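Structure below is upload13.txt: compact mmCIF, C-alpha atoms.
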# COMPACT_ATOMS: atom_id res chain seq x y z
CA MET O 1 60.80 -103.08 -102.50
CA ALA O 2 62.65 -106.32 -103.31
CA ASP O 3 61.95 -107.61 -99.77
CA THR O 4 58.23 -107.01 -100.23
CA ASP O 5 58.21 -108.58 -103.71
CA ASP O 6 60.13 -111.63 -102.46
CA PHE O 7 57.80 -112.00 -99.49
CA LEU O 8 54.65 -111.77 -101.61
CA ALA O 9 56.07 -114.30 -104.07
CA TRP O 10 56.68 -116.67 -101.15
CA VAL O 11 53.12 -116.12 -99.85
CA ARG O 12 51.67 -116.89 -103.28
CA THR O 13 53.76 -120.04 -103.78
CA SER O 14 55.24 -121.79 -100.74
CA LEU O 15 52.63 -120.63 -98.22
CA TYR O 16 49.73 -121.28 -100.61
CA GLU O 17 51.05 -124.74 -101.54
CA ALA O 18 51.53 -125.68 -97.87
CA GLU O 19 47.96 -124.68 -97.02
CA LEU O 20 46.59 -126.57 -100.02
CA ALA O 21 48.60 -129.65 -99.00
CA ILE O 22 47.30 -129.73 -95.41
CA HIS O 23 43.74 -129.47 -96.75
CA ASN O 24 44.52 -132.60 -98.78
CA GLY O 25 45.81 -134.50 -95.75
CA ASN O 26 49.55 -133.73 -96.00
CA SER O 27 51.03 -131.73 -93.12
CA GLY O 28 54.65 -131.97 -94.34
CA PRO O 29 54.72 -128.75 -96.40
CA ARG O 30 53.07 -126.75 -93.61
CA ARG O 31 55.58 -128.05 -91.07
CA ALA O 32 58.41 -127.08 -93.43
CA ILE O 33 57.36 -123.42 -93.64
CA TRP O 34 56.90 -122.98 -89.88
CA SER O 35 59.67 -121.64 -87.71
CA GLY O 36 61.69 -124.05 -85.63
CA THR O 37 62.61 -121.19 -83.31
CA GLU O 38 60.45 -120.48 -80.27
CA PRO O 39 58.13 -118.78 -79.70
CA VAL O 40 55.63 -120.16 -82.20
CA GLY O 41 51.90 -120.48 -81.78
CA VAL O 42 48.46 -120.93 -83.27
CA LEU O 43 45.25 -119.42 -81.97
CA GLY O 44 43.09 -121.49 -84.25
CA ALA O 45 39.51 -121.51 -85.36
CA TRP O 46 39.24 -125.11 -84.09
CA ARG O 47 42.30 -125.63 -81.88
CA SER O 48 45.23 -123.72 -80.45
CA ALA O 49 48.84 -124.76 -79.83
CA PHE O 50 52.00 -123.16 -78.48
CA GLY O 51 55.52 -124.47 -79.00
CA ARG O 52 56.86 -126.53 -81.88
CA LYS O 53 55.96 -129.90 -80.32
CA ASP O 54 52.31 -128.89 -79.86
CA LEU O 55 52.23 -127.40 -83.37
CA ASP O 56 53.45 -130.67 -84.90
CA GLU O 57 50.66 -132.52 -83.08
CA LEU O 58 48.11 -129.92 -84.22
CA PHE O 59 49.22 -130.10 -87.85
CA SER O 60 49.17 -133.93 -87.83
CA GLY O 61 45.68 -133.94 -86.36
CA LEU O 62 44.37 -131.44 -88.89
CA ALA O 63 45.89 -133.38 -91.79
CA LYS O 64 44.07 -136.52 -90.60
CA GLN O 65 40.76 -134.63 -90.60
CA PHE O 66 41.15 -132.93 -94.01
CA SER O 67 40.82 -134.52 -97.45
CA ASN O 68 39.58 -133.85 -100.96
CA CYS O 69 40.17 -130.11 -101.07
CA THR O 70 38.29 -128.91 -104.13
CA SER O 71 38.99 -125.20 -103.63
CA PHE O 72 41.37 -123.09 -101.56
CA ARG O 73 41.81 -119.36 -102.09
CA PHE O 74 43.71 -116.89 -99.92
CA GLU O 75 42.33 -113.37 -100.25
CA LEU O 76 45.13 -111.11 -99.07
CA LEU O 77 43.69 -107.97 -97.47
CA ALA O 78 46.75 -106.40 -95.82
CA TYR O 79 50.45 -107.10 -95.37
CA ASP O 80 53.72 -105.45 -94.48
CA VAL O 81 57.40 -106.34 -94.37
CA SER O 82 59.80 -104.66 -91.96
CA GLY O 83 63.31 -106.09 -92.01
CA ASP O 84 63.12 -109.74 -91.02
CA MET O 85 59.50 -109.56 -89.85
CA ALA O 86 56.27 -109.53 -91.84
CA TYR O 87 52.55 -110.08 -91.43
CA THR O 88 49.53 -110.91 -93.54
CA ALA O 89 45.83 -110.49 -92.87
CA GLY O 90 43.26 -112.04 -95.13
CA LEU O 91 40.49 -114.52 -95.76
CA GLU O 92 40.91 -118.21 -96.52
CA HIS O 93 38.02 -119.55 -98.60
CA THR O 94 38.01 -123.36 -98.46
CA SER O 95 35.96 -126.26 -99.82
CA VAL O 96 37.19 -129.52 -98.29
CA SER O 97 36.05 -132.71 -96.61
CA VAL O 98 36.42 -132.64 -92.82
CA ASP O 99 36.17 -136.09 -91.28
CA GLY O 100 34.71 -137.26 -94.59
CA GLU O 101 31.96 -134.64 -94.73
CA PRO O 102 32.09 -131.89 -97.39
CA ARG O 103 32.37 -128.38 -95.92
CA ASN O 104 32.73 -124.85 -97.19
CA TYR O 105 34.01 -122.16 -94.86
CA THR O 106 35.88 -118.89 -94.69
CA LEU O 107 38.49 -118.15 -92.05
CA ARG O 108 39.72 -114.69 -91.13
CA VAL O 109 43.49 -115.22 -90.74
CA THR O 110 46.34 -113.08 -89.44
CA GLN O 111 49.86 -114.52 -89.57
CA VAL O 112 53.24 -113.26 -88.39
CA TYR O 113 56.44 -114.29 -90.19
CA ARG O 114 60.14 -114.00 -89.56
CA ARG O 115 63.03 -114.49 -91.92
CA GLU O 116 65.40 -117.20 -90.73
CA ASP O 117 68.60 -117.98 -92.63
CA GLY O 118 67.23 -116.03 -95.60
CA GLU O 119 63.88 -117.89 -95.74
CA TRP O 120 60.44 -116.75 -94.59
CA LYS O 121 58.91 -118.88 -91.83
CA VAL O 122 55.54 -118.64 -90.08
CA ALA O 123 55.85 -117.80 -86.39
CA HIS O 124 52.21 -117.20 -85.40
CA ARG O 125 48.73 -117.77 -86.81
CA HIS O 126 45.41 -116.51 -85.54
CA ALA O 127 42.26 -117.67 -87.34
CA ASP O 128 38.56 -117.55 -86.67
CA THR O 129 35.52 -118.51 -88.66
CA VAL O 130 33.68 -115.80 -90.54
CA THR O 131 29.96 -116.15 -89.87
Since I need it in another form, could you write the structure as structure tokens?
Amino acid sequence: MADTDDFLAWVRTSLYEAELAIHNGNSGPRRAIWSGTEPVGVLGAWRSAFGRKDLDELFSGLAKQFSNCTSFRFELLAYDVSGDMAYTAGLEHTSVSVDGEPRNYTLRVTQVYRREDGEWKVAHRHADTVT
């Protein structure tokens, strides 16, 4: 149970803060919580990337597009932890400016995590827009 509690605490703090930061134009916290070990990948609502180099470019590009996040909420629908692997599935509800234009949207997001040197890291993200 401690593994699950620790993981959920990390999701509610470090992961949440990293997502809030990128929506305010700062990709540093998101980069910090992503795995440096291959394979890593994003099947994104707007763009996809595979490999750490491509992810860094993706995160930099997104941070340049996002600003003025007025609301970000992660609605956790399902999760599990098994040893050094975990996943979450949920909805991200966001109000942010994209290229200077205010937008509200909801993404359906599934992420896979692995524990590396005692810390949770994101290894894969799949997101699509809820219509």
>> Neighbouring residues of segment 5-20 of chain O were defined as those with any atom within 12 Å, considering all atoms listed in the file; residues of the same chain fewer than 3 positions away were excluded. Please report them as a PyMOL selection string.
In response: chain O and resi 1-2+23-34+59+62-63+66-76+78-90+92-96+111-115+118-122
>> Would you pick out the contacts of Thr129 of chain O at 10 Å or less, using only C-alpha atoms, so that residues sharing its chain but fewer than 2 positions from it are not included, and give the list as a ChimeraX atom specification?
In response: /O:44-46,91-92,105-109,127,131
>> Here's a test: counting only C-alpha atoms, identify every protein, DNA and RNA residue with an atom at most 12 Å from (53.4, -128.9, -81.2) in the file's coordinate frame, and state them as an MDAnalysis selection string.
In response: chainID O and resid 31 34:36 38:42 47:61
>> Using Å and a single decimal, report how far atom CA of Val130 of chain O sits from atom CA of Thr110 of chain O.
In response: 13.0 Å
> What gap, in Å, lies between atom CA of Gly100 of chain O and atom CA of Lys64 of chain O?
Replying inline: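 That distance, rounded to one decimal, is 10.2 Å.
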>> Between atom CA of Leu43 of chain O and atom CA of Glu116 of chain O, what is the distance in Å, rounded to a tenth?
In response: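 Value for the atom CA of Leu43 of chain O-atom CA of Glu116 of chain O distance: 22.1 Å.
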> Hey, which of O:Thr37, O:Gln65, O:Leu77, O:Ala21 ends up closest to Asp117 of chain O? Count only C-alpha atoms.
Replying inline: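 Counting only C-alpha atoms, the residue closest to Asp117 of chain O is O:Thr37.
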